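S.K.: Below is the file coords07.txt, which contains compact mmCIF, C-alpha atoms.
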```txt
# COMPACT_ATOMS: atom_id res chain seq x y z
CA MET M 16 38.06 28.68 0.80
CA ASN M 17 37.07 26.06 -1.85
CA TRP M 18 33.70 24.97 -0.48
CA GLN M 19 33.24 22.11 -2.89
CA SER M 20 36.42 20.41 -1.71
CA ALA M 21 35.31 20.89 1.92
CA VAL M 22 32.05 18.95 1.53
CA LYS M 23 32.45 15.63 3.36
CA ARG M 24 29.34 13.63 4.09
CA LYS M 25 28.92 10.69 6.36
CA SER M 26 26.59 8.81 4.00
CA SER M 27 28.22 7.70 0.75
CA SER M 28 24.78 7.21 -0.79
CA LEU M 29 24.21 10.96 -0.58
CA PHE M 30 27.58 12.03 -1.99
CA LEU M 31 26.38 12.49 -5.57
CA THR M 32 23.44 14.61 -4.39
CA TYR M 33 25.72 16.98 -2.49
CA PHE M 34 28.22 17.11 -5.33
CA LEU M 35 25.58 18.12 -7.86
CA ALA M 36 24.14 20.66 -5.44
CA ALA M 37 27.60 22.12 -4.89
CA ILE M 38 28.03 22.63 -8.63
CA SER M 39 24.64 24.33 -8.84
CA LEU M 40 25.34 26.59 -5.87
CA SER M 41 28.69 27.71 -7.27
CA MET M 42 27.48 28.36 -10.81
CA LEU M 43 24.00 29.85 -10.54
CA THR M 44 23.21 33.54 -10.25
CA PRO M 45 19.78 35.11 -9.75
CA SER M 46 19.83 36.64 -13.24
CA THR M 47 20.32 33.39 -15.18
CA ALA M 48 17.54 31.31 -16.66
CA ASN M 49 18.97 28.26 -14.91
CA ALA M 50 18.36 29.85 -11.49
CA GLU M 51 14.65 30.03 -12.28
CA GLU M 52 14.45 26.60 -13.91
CA ASP M 53 16.34 24.77 -11.17
CA ARG M 54 15.14 26.51 -8.02
CA PHE M 55 16.10 23.39 -6.02
CA ALA M 56 19.84 23.46 -6.86
CA GLY M 57 19.64 19.99 -8.37
CA LEU M 58 18.33 18.37 -5.18
CA ILE M 59 14.93 17.25 -6.51
CA ALA M 60 12.74 17.29 -9.63
CA PRO M 61 9.68 19.53 -9.09
CA LEU M 62 6.16 18.07 -9.10
CA LYS M 63 2.72 19.67 -9.04
CA ALA M 64 0.13 18.27 -6.65
CA GLU M 65 -2.37 16.01 -8.37
CA LYS M 66 -4.96 17.09 -5.79
CA PRO M 67 -4.74 20.27 -3.66
CA PHE M 68 -4.14 19.79 0.06
CA LYS M 69 -3.75 22.06 3.07
CA LEU M 70 -0.37 22.83 4.64
CA ALA M 71 0.18 24.79 7.87
CA VAL M 72 3.54 25.91 9.26
CA THR M 73 4.90 27.21 12.55
CA VAL M 74 8.40 28.64 12.97
CA VAL M 75 10.32 30.05 15.93
CA HIS M 76 10.36 33.72 14.88
CA LEU M 77 10.61 35.98 11.84
CA ASN M 78 13.38 38.24 13.13
CA ASP M 79 15.97 37.12 10.59
CA ASP M 80 16.28 36.14 6.94
CA PHE M 81 16.61 32.43 7.74
CA TYR M 82 13.03 31.87 8.89
CA LYS M 83 11.66 34.48 6.50
CA GLY M 84 13.41 32.58 3.72
CA ILE M 85 11.80 29.32 4.81
CA ILE M 86 8.32 30.89 4.85
CA TYR M 87 8.91 32.55 1.48
CA GLY M 88 10.14 29.27 0.01
CA ILE M 89 7.09 27.41 1.32
CA THR M 90 4.51 29.96 0.19
CA ASP M 91 6.06 30.61 -3.23
CA GLU M 92 6.56 26.93 -3.99
CA ALA M 93 3.03 26.14 -2.80
CA LYS M 94 1.62 28.63 -5.34
CA ARG M 95 3.67 27.04 -8.10
CA SER M 96 2.74 23.50 -7.10
CA GLY M 97 -0.97 23.62 -6.28
CA VAL M 98 -0.69 23.41 -2.49
CA ASN M 99 -2.75 25.59 -0.12
CA VAL M 100 -0.86 27.21 2.77
CA VAL M 101 -3.69 27.76 5.26
CA GLN M 102 -1.74 29.05 8.27
CA VAL M 103 1.63 30.62 9.11
CA SER M 104 2.26 30.74 12.85
CA VAL M 105 5.19 32.11 14.85
CA ALA M 106 6.22 30.98 18.35
CA GLY M 107 7.97 34.29 19.04
CA ALA M 108 11.29 33.07 20.47
CA TYR M 109 13.33 29.99 21.31
CA GLY M 110 11.82 28.37 24.39
CA ASN M 111 8.22 29.38 23.61
CA VAL M 112 7.07 25.77 23.41
CA ARG M 113 3.63 26.29 24.96
CA GLU M 114 2.77 28.87 22.34
CA GLN M 115 3.89 26.49 19.62
CA PHE M 116 1.95 23.57 21.13
CA ALA M 117 -1.21 25.68 20.91
CA GLN M 118 -0.45 26.59 17.30
CA LEU M 119 0.06 22.95 16.34
CA GLU M 120 -3.16 21.97 18.12
CA ALA M 121 -5.00 24.68 16.14
CA PHE M 122 -3.87 23.08 12.88
CA LYS M 123 -6.40 20.32 13.57
CA SER M 124 -9.32 22.76 13.68
CA ILE M 125 -8.39 24.34 10.34
CA GLY M 126 -8.17 20.95 8.67
CA ALA M 127 -4.49 20.96 7.77
CA ASP M 128 -3.24 17.85 5.98
CA VAL M 129 0.43 18.58 6.63
CA ALA M 130 1.93 20.37 9.64
CA VAL M 131 5.42 21.85 9.16
CA LEU M 132 7.39 22.51 12.35
CA ALA M 133 10.52 24.54 13.04
CA PRO M 134 10.59 23.87 16.80
CA ALA M 135 11.22 26.42 19.53
CA ALA M 136 13.09 23.72 21.47
CA TYR M 137 14.58 20.33 20.66
CA ASN M 138 12.79 18.34 23.35
CA GLY M 139 9.18 17.98 24.45
CA PHE M 140 7.32 17.95 21.13
CA ASP M 141 6.75 14.22 20.70
CA PRO M 142 3.35 14.07 22.48
CA ILE M 143 1.81 16.84 20.36
CA ILE M 144 3.33 15.34 17.20
CA LYS M 145 1.77 11.97 18.09
CA SER M 146 -1.56 13.74 18.57
CA LEU M 147 -1.34 15.34 15.14
CA LYS M 148 -0.46 12.02 13.56
CA ALA M 149 -3.39 10.33 15.32
CA SER M 150 -5.72 12.90 13.74
CA GLY M 151 -4.53 11.85 10.28
CA MET M 152 -2.08 14.70 9.72
CA LYS M 153 1.42 14.32 8.34
CA VAL M 154 4.16 16.19 10.22
CA ALA M 155 7.36 17.56 8.70
CA SER M 156 10.42 19.11 10.31
CA VAL M 157 12.11 22.12 8.71
CA GLY M 158 15.23 24.18 9.40
CA ILE M 159 16.21 22.80 12.80
CA PRO M 160 15.82 19.32 14.32
CA VAL M 161 13.25 18.07 16.83
CA ASP M 162 13.52 15.03 19.10
CA SER M 163 10.78 12.74 17.78
CA ASN M 164 10.50 9.50 15.84
CA ASN M 165 7.00 10.42 14.66
CA ILE M 166 8.10 12.95 12.02
CA ASP M 167 7.29 11.87 8.46
CA PHE M 168 10.28 13.64 6.90
CA GLY M 169 12.56 16.62 7.49
CA VAL M 170 14.49 19.19 5.46
CA LEU M 171 17.31 20.45 7.64
CA GLN M 172 21.00 21.22 7.64
CA ASP M 173 23.88 19.46 9.33
CA ASP M 174 24.60 21.79 12.22
CA THR M 175 27.69 19.87 13.30
CA TYR M 176 29.03 20.31 9.78
CA ILE M 177 28.26 24.05 9.89
CA GLY M 178 30.40 24.31 13.02
CA LYS M 179 33.18 22.40 11.27
CA LEU M 180 33.06 24.76 8.29
CA MET M 181 33.55 27.73 10.62
CA ALA M 182 36.53 26.02 12.27
CA GLU M 183 38.03 25.30 8.84
CA ALA M 184 37.78 28.99 7.97
CA VAL M 185 39.79 29.88 11.09
CA CYS M 186 42.28 27.10 10.40
CA HIS M 187 42.86 28.23 6.80
CA SER M 188 43.31 31.87 7.79
CA ALA M 189 46.87 33.17 7.51
CA VAL M 190 46.52 34.87 10.90
CA LYS M 191 48.63 33.32 13.68
CA PRO M 192 48.36 32.53 16.51
CA LYS M 193 44.70 31.48 16.46
CA ASN M 194 42.91 32.39 19.68
CA VAL M 195 39.12 32.06 19.45
CA ALA M 196 36.62 33.51 21.92
CA MET M 197 33.51 31.33 21.93
CA ILE M 198 30.03 32.85 22.18
CA PRO M 199 28.05 29.58 22.20
CA GLY M 200 24.51 30.96 21.97
CA PRO M 201 21.26 30.26 23.85
CA ALA M 202 20.93 27.23 26.10
CA GLY M 203 18.52 24.46 25.11
CA ALA M 204 18.70 24.91 21.34
CA GLU M 205 20.06 21.71 19.78
CA TRP M 206 21.35 23.43 16.65
CA VAL M 207 23.42 25.76 18.85
CA ARG M 208 24.97 22.84 20.74
CA LEU M 209 25.76 20.91 17.57
CA ARG M 210 27.52 23.85 15.91
CA TYR M 211 29.58 24.41 19.04
CA VAL M 212 30.58 20.73 19.16
CA GLY M 213 31.37 20.69 15.44
CA PHE M 214 33.59 23.75 15.72
CA LYS M 215 35.59 22.37 18.64
CA GLU M 216 36.00 18.94 17.06
CA GLU M 217 37.29 20.38 13.79
CA ALA M 218 39.51 22.94 15.56
CA LYS M 219 41.49 20.08 17.11
CA LYS M 220 42.45 18.88 13.61
CA CYS M 221 44.04 22.16 12.50
CA PRO M 222 47.83 21.87 11.93
CA THR M 223 48.20 25.29 13.54
CA PRO M 224 46.89 24.99 17.12
CA ILE M 225 43.58 26.75 17.76
CA SER M 226 43.07 27.90 21.35
CA VAL M 227 39.53 28.56 22.54
CA VAL M 228 38.28 30.79 25.34
CA GLU M 229 35.23 29.09 26.79
CA THR M 230 32.01 30.74 27.99
CA GLY M 231 28.72 29.20 29.00
CA PHE M 232 25.61 28.76 26.91
CA GLY M 233 22.88 31.30 27.58
CA GLY M 234 21.28 34.58 26.60
CA GLY M 235 19.57 35.52 23.37
CA ILE M 236 20.69 35.93 19.77
CA ASP M 237 20.40 39.69 19.32
CA LEU M 238 22.99 42.30 18.42
CA GLN M 239 23.35 43.62 21.95
CA GLU M 240 24.05 40.12 23.26
CA GLY M 241 26.83 39.64 20.73
CA LEU M 242 28.30 43.08 21.39
CA THR M 243 28.28 42.73 25.18
CA LYS M 244 29.72 39.23 25.30
CA ALA M 245 32.38 39.89 22.68
CA ALA M 246 33.46 43.12 24.37
CA ASP M 247 33.78 41.37 27.73
CA LEU M 248 35.69 38.42 26.28
CA MET M 249 38.18 40.64 24.48
CA LEU M 250 38.75 42.86 27.51
CA ARG M 251 39.48 39.85 29.70
CA ASN M 252 41.49 38.04 27.03
CA PRO M 253 43.66 40.47 25.06
CA GLU M 254 45.15 37.60 23.02
CA VAL M 255 41.82 36.90 21.29
CA ASN M 256 41.94 37.46 17.52
CA PHE M 257 38.91 35.42 16.38
CA ILE M 258 35.35 35.27 17.69
CA TYR M 259 32.94 32.38 17.09
CA THR M 260 29.17 32.89 17.11
CA PRO M 261 26.62 30.27 15.96
CA GLN M 262 24.33 32.83 14.31
CA ILE M 263 24.80 36.04 12.36
CA THR M 264 23.02 38.53 14.64
CA LEU M 265 25.38 37.63 17.45
CA GLY M 266 28.19 37.84 14.90
CA MET M 267 27.28 41.37 13.82
CA GLY M 268 27.23 42.41 17.47
CA ALA M 269 30.70 40.91 17.87
CA VAL M 270 31.94 42.92 14.86
CA GLN M 271 30.62 46.07 16.51
CA ALA M 272 32.60 45.23 19.67
CA ILE M 273 35.76 44.71 17.60
CA ARG M 274 35.32 48.13 16.00
CA GLN M 275 34.66 49.84 19.32
CA GLN M 276 37.82 48.38 20.84
CA HIS M 277 39.88 48.94 17.65
CA ARG M 278 41.01 45.33 17.79
CA GLN M 279 42.66 43.26 15.09
CA ALA M 280 40.17 40.42 15.20
CA SER M 281 37.57 38.81 12.96
CA VAL M 282 34.36 36.82 13.38
CA VAL M 283 33.13 33.49 12.01
CA SER M 284 29.39 32.93 12.01
CA SER M 285 26.45 31.41 10.13
CA ALA M 286 23.27 32.54 8.30
CA MET M 287 24.20 35.14 5.69
CA VAL M 288 22.51 38.53 5.42
CA LYS M 289 23.35 41.32 2.98
CA ARG M 290 24.37 43.72 5.75
CA VAL M 291 27.36 41.47 6.41
CA VAL M 292 28.84 41.83 2.90
CA PRO M 293 30.85 44.98 3.75
CA MET M 294 31.99 43.38 7.02
CA ILE M 295 33.43 40.45 5.05
CA GLU M 296 35.02 42.74 2.49
CA GLU M 297 36.52 44.81 5.31
CA GLY M 298 37.90 41.70 7.02
CA LYS M 299 36.02 42.09 10.31
CA MET M 300 33.91 39.06 9.38
CA LEU M 301 36.24 36.27 8.26
CA ALA M 302 33.57 33.91 6.90
CA VAL M 303 29.85 33.18 7.11
CA VAL M 304 28.12 29.91 6.31
CA SER M 305 25.14 30.38 4.00
CA GLU M 306 21.93 28.72 5.24
CA PRO M 307 19.61 28.38 2.22
CA GLY M 308 16.23 28.80 3.91
CA ILE M 309 14.39 29.42 0.63
CA ILE M 310 15.60 26.09 -0.73
CA MET M 311 14.49 24.38 2.51
CA GLY M 312 11.01 25.83 2.21
CA ARG M 313 10.66 24.76 -1.42
CA LEU M 314 11.86 21.24 -0.65
CA ILE M 315 9.37 20.87 2.22
CA VAL M 316 6.50 21.53 -0.21
CA GLN M 317 7.88 19.09 -2.75
CA TYR M 318 8.33 16.32 -0.18
CA ALA M 319 4.85 17.07 1.20
CA ILE M 320 3.39 16.49 -2.28
CA ARG M 321 5.19 13.17 -2.59
CA SER M 322 4.20 12.11 0.92
CA MET M 323 0.53 12.97 0.37
CA GLU M 324 0.48 11.07 -2.94
CA GLY M 325 2.37 8.02 -1.69
CA LYS M 326 5.34 8.63 -3.96
CA PRO M 327 9.01 7.98 -3.16
CA LEU M 328 10.88 10.60 -1.14
CA PRO M 329 14.24 10.75 -2.94
CA ASN M 330 17.62 11.53 -1.39
CA LEU M 331 16.52 11.36 2.26
CA ALA M 332 18.98 10.02 4.80
CA ALA M 333 17.47 7.14 6.75
CA ALA M 334 16.18 7.47 10.29
CA GLY M 335 19.10 7.07 12.67
CA THR M 336 21.48 9.07 10.47
CA ASP M 337 23.03 12.18 12.08
CA GLY M 338 21.42 11.20 15.39
CA LEU M 339 17.88 11.91 14.14
CA ASN M 340 14.99 9.45 14.45
CA TYR M 341 13.34 10.36 11.14
CA ALA M 342 14.24 10.44 7.46
CA HIS M 343 15.64 13.81 6.39
CA LEU M 344 17.62 15.74 3.83
CA ASN M 345 20.46 18.00 4.91
CA VAL M 346 20.81 20.82 2.40
CA PRO M 347 24.39 21.70 1.38
CA ASN M 348 25.95 24.78 2.93
CA LYS M 349 28.32 27.22 1.28
CA VAL M 350 31.05 29.22 3.01
CA LEU M 351 31.08 32.89 2.00
CA ASP M 352 34.26 34.94 2.32
CA LYS M 353 36.10 37.69 0.46
CA ASP M 354 36.55 35.48 -2.59
CA ASN M 355 32.89 34.79 -3.36
CA VAL M 356 30.55 37.00 -1.35
CA ALA M 357 30.17 39.62 -4.10
CA THR M 358 28.71 37.08 -6.53
CA HIS M 359 26.57 35.00 -4.16
CA PRO M 360 22.91 34.60 -5.34
CA PHE M 361 21.17 35.70 -2.12
CA GLU M 362 17.70 35.95 -3.65
CA THR M 363 17.79 32.36 -4.84
CA TYR M 364 18.91 30.77 -1.60
CA GLU M 365 18.23 32.78 1.55
CA ILE M 366 16.76 36.27 1.17
CA ALA M 367 13.14 36.80 0.11
CA PRO M 368 12.37 39.48 -2.52
CA ALA M 369 12.14 43.02 -1.15
CA ASP M 370 8.52 43.36 -2.24
CA TRP M 371 7.41 40.08 -0.62
CA LYS M 372 5.08 40.39 2.35
CA VAL M 373 4.93 37.84 5.16
CA PRO M 374 1.50 36.13 5.05
CA ALA M 375 -1.07 36.83 7.74
CA MET M 376 0.19 35.16 10.90
CA GLN M 377 -1.38 33.65 13.98
```
Show the structure stored in the file as C-alpha cells.
M.R.:
Amino acid sequence: MNWQSAVKRKSSSLFLTYFLAAISLSMLTPSTANAEEDRFAGLIAPLKAEKPFKLAVTVVHLNDDFYKGIIYGITDEAKRSGVNVVQVSVAGAYGNVREQFAQLEAFKSIGADVAVLAPAAYNGFDPIIKSLKASGMKVASVGIPVDSNNIDFGVLQDDTYIGKLMAEAVCHSAVKPKNVAMIPGPAGAEWVRLRYVGFKEEAKKCPTPISVVETGFGGGIDLQEGLTKAADLMLRNPEVNFIYTPQITLGMGAVQAIRQQHRQASVVSSAMVKRVVPMIEEGKMLAVVSEPGIIMGRLIVQYAIRSMEGKPLPNLAAAGTDGLNYAHLNVPNKVLDKDNVATHPFETYEIAPADWKVPAMQ
C-alpha cells in the first residue's frame, strides 16, 4: 500500500506538515545521519530550554513498545533539551483511574512544572486536571485522548484514521470475498472505540463488499484474549478470512489462533513490534499501522519547552478539531506490509534501544 497517497487530513492547514512528515518517514533509516539530525520527522524544529524545568509523566502501562517508546522519547529528548524528568509513573492497566489520580496529585508535592498524561480512561480526569492547573502546573496529553478542555496541548494520533488505514488494507487485498471478524478491544477506552468506528466507516467505501462479524467490546489486550476470541469467532464463522484487532498484542494472539486452526486468514492491527515482522512476511498479518511513540515523546518535550517559555506552539490543530477540546498534533501513521516492513526504521519511531532502561517508576 502507498501510505503517502492514503494520507487524507481533515484540516487543510495541516496538509503540508503531514506531507513533509510522510516524506521523512518513507526516506529515513536509523543508520543515516538525517535520522539523527531530524529526530522529529520534519514536524518541528528542536529547541533547548532557556531555563530548566521539571516534567513528570504518567502512562497506562509499560507492557508494550508503544508506551515504552513514549517514555524513551520523553526522557531522551529531555536530556538533549535541558529538561528535568522528575517522575515516571504507571497506572498499571486501562481503567486504573484512581491510581493515576493519586500519581497526578503527587506531581504537586514534587514540584513538577509540567504534568504529562496518557490516561487510563477517557472520562473522569477533568477535576484532577483543573486541580493541577490551579496549582500553577501545565498539563499535556500524550498518546491517547482525554476528555478535558483544561489540557494545554496534546501530542496524539488520529485513532479514527488508524481504523480507516486498517480497512483500506483489507479493501486493497486481492483476497475475495472479504469477511472480517471484529475483535473490538476493551470497553471504555476511547481510542479503541474510535479505531472500530473508523474501520467500519471506511469498510463501507470499499468497491468489493466487506462483511463484518460483530462482537462486543470487553476484555483485555493480551495474547490469550486475542487467541481465545479469534479462535471462537473462526469456529462459529467458517467464512471469516480477515481478523481486525485494534492493538498488536490482540493481533498476535489472533495469528496464533489462525495457525492452530490451519486457516487461510490474515490479521490487520496497529502498533508495530519486531516480533510481527515474520508474521507479515508469512502473510498471517496482512498489515500493521506504525504508532511512532518515540516521536510523540520527543514532541511533548519540545512543546513543553515552548509552552513554559511563552513561545508559539506550531502545527497544532485548534481545540474542537477531531472532537477534542484542546489544541493537539496528530502524528502521521505509516502502514507496514510485505512491501516495506523489512526497511522500516523501528529504532527511530517506536522501539527504544535494547540497552535502554526504564527510569525508576512510582
S.K.: With a distance cut-off of 8 Å and only C-alpha atoms, select the neighbouring residues of region 103-107 of chain M, excluding the residue or stretch itself and same-chain residues fewer than 2 positions from it, and output the selection as a list in words.
M.R.: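 Surrounding residues, per the criterion: Ala71, Val72, Thr73, Val74, Val75, His76, Leu77, Ile86, Val100, Val101, Tyr109, Asn111, Val112, Glu114, Gln115, Gln118, Ala135, Pro374, Ala375, Met376 and Gln377 of chain M.
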S.K.: Env of Phe140 (chain M): 12 Å cut, atoms = all atoms listed in the file, seq-sep filter 2 positions within chain, self excluded. Answer as a VMD selection string.
M.R.: chain M and resid 110 to 117 119 to 120 132 to 138 142 to 147 154 156 160 to 166
S.K.: So how far away is CA of Leu331 (chain M) from CA of Asn99 (chain M), in Å?
M.R.: 24.1 Å
S.K.: Which one of M:Glu216, M:Asp128, M:Glu362, M:Glu254 sits closest to Val195 (chain M) if you count all atoms listed in the file?
M.R.: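 Among the listed residues, the smallest separation from Val195 (chain M) belongs to M:Glu254.
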S.K.: Around (21.6, 30.1, 17.8), as given in the file, which residues come within 6 Å? Count all atoms listed in the file and list them as a list in words.
M.R.: Gly200, Val207, Pro261 and Gln262 of chain M
S.K.: Per residue of region 126-231 of chain M within 8 Å of region 310-316 of chain M, record the nearest atom pair and its distance in Å to one decimal, counting all atoms listed in the file, with rows in chain order and ascending residue number, as CSV.
M.R.:
```
residue,atom,partner,partner_atom,distance
M:Ala155,CA,M:Ile315,CA,7.5
M:Val157,CA,M:Met311,CA,7.0
M:Gly158,CA,M:Met311,CA,6.9
M:Gly169,CA,M:Ile315,CA,7.5
M:Val170,CA,M:Met311,CA,6.0
M:Leu171,CA,M:Met311,CA,7.1
```
S.K.: Please indicate the distance in Å from CA of Arg210 (chain M) to CA of Gly308 (chain M), rounded to one decimal place.
M.R.: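 A separation of 17.2 Å between them.
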S.K.: Return the single residue from M:Ala130, M:Ala218, M:Ala121, M:Leu242 that is closest to His187 (chain M), with distances computed using only C-alpha atoms.
M.R.: M:Ala218
S.K.: Quick one: 5 Å padding each side, axis-aligned, all listed atoms of region 181-184 of chain M - centre and edge lengths in Å to one decimal, as lines of an AutoDock Vina configuration file?
M.R.:
```
center_x = 35.8
center_y = 27.1
center_z = 10.1
size_x = 14.5
size_y = 13.7
size_z = 14.3
```
S.K.: Can you work out which one of M:Gly241, M:Val190, M:Pro307, M:Val350 has the shortest atom-to-atom distance to Ser281 (chain M), counting only C-alpha atoms?
M.R.: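 For Ser281 (chain M), the nearest of the candidates is M:Val190.
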S.K.: Kindly indicate which residue among M:Asn345, M:Thr230, M:Gln239, M:Ser124 lies nearest to Met267 (chain M), using all atoms listed in the file for the distances.
M.R.: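 Looking only at the distances to Met267 (chain M), the closest residue turns out to be M:Gln239.
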S.K.: With all atoms listed in the file counted, which protein, DNA or RNA residues have an atom no more than 9 Å from (10.5, 31.0, -4.5) in the file frame? Please answer as number ranges by chain.
M.R.: M: 51, 54, 84, 87-92, 95, 309-310, 312-313, 362-364, 367-368
S.K.: Would you save the residues of that selection, restricted to C-alpha atoms, as a CSV table (one decimal), in the coordinates of the input?
M.R.:
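Output below, filename out.csv:
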```csv
chain,number,residue,atom,x,y,z
M,51,GLU,CA,14.6,30.0,-12.3
M,54,ARG,CA,15.1,26.5,-8.0
M,84,GLY,CA,13.4,32.6,3.7
M,87,TYR,CA,8.9,32.6,1.5
M,88,GLY,CA,10.1,29.3,0.0
M,89,ILE,CA,7.1,27.4,1.3
M,90,THR,CA,4.5,30.0,0.2
M,91,ASP,CA,6.1,30.6,-3.2
M,92,GLU,CA,6.6,26.9,-4.0
M,95,ARG,CA,3.7,27.0,-8.1
M,309,ILE,CA,14.4,29.4,0.6
M,310,ILE,CA,15.6,26.1,-0.7
M,312,GLY,CA,11.0,25.8,2.2
M,313,ARG,CA,10.7,24.8,-1.4
M,362,GLU,CA,17.7,36.0,-3.6
M,363,THR,CA,17.8,32.4,-4.8
M,364,TYR,CA,18.9,30.8,-1.6
M,367,ALA,CA,13.1,36.8,0.1
M,368,PRO,CA,12.4,39.5,-2.5
```
S.K.: For the atom pair CA of Lys63 (chain M) and CA of Gln317 (chain M), what is the interatomic distance in Å to one decimal place?
M.R.: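 That distance, rounded to one decimal, is 8.2 Å.
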S.K.: With a distance cut-off of 8 Å and only C-alpha atoms, select the neighbouring residues of Ile258 (chain M), excluding the residue or stretch itself and same-chain residues fewer than 4 positions from it, and output the selection as a ChimeraX atom specification.
M.R.: /M:195-198,245,269,280-283
S.K.: Nearest to Leu209 (chain M): which of M:Asp167, M:Ser305, M:Asp337, M:Pro253 is it, counting only C-alpha atoms?
M.R.: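 Result for the nearest residue to Leu209 (chain M): M:Asp337.
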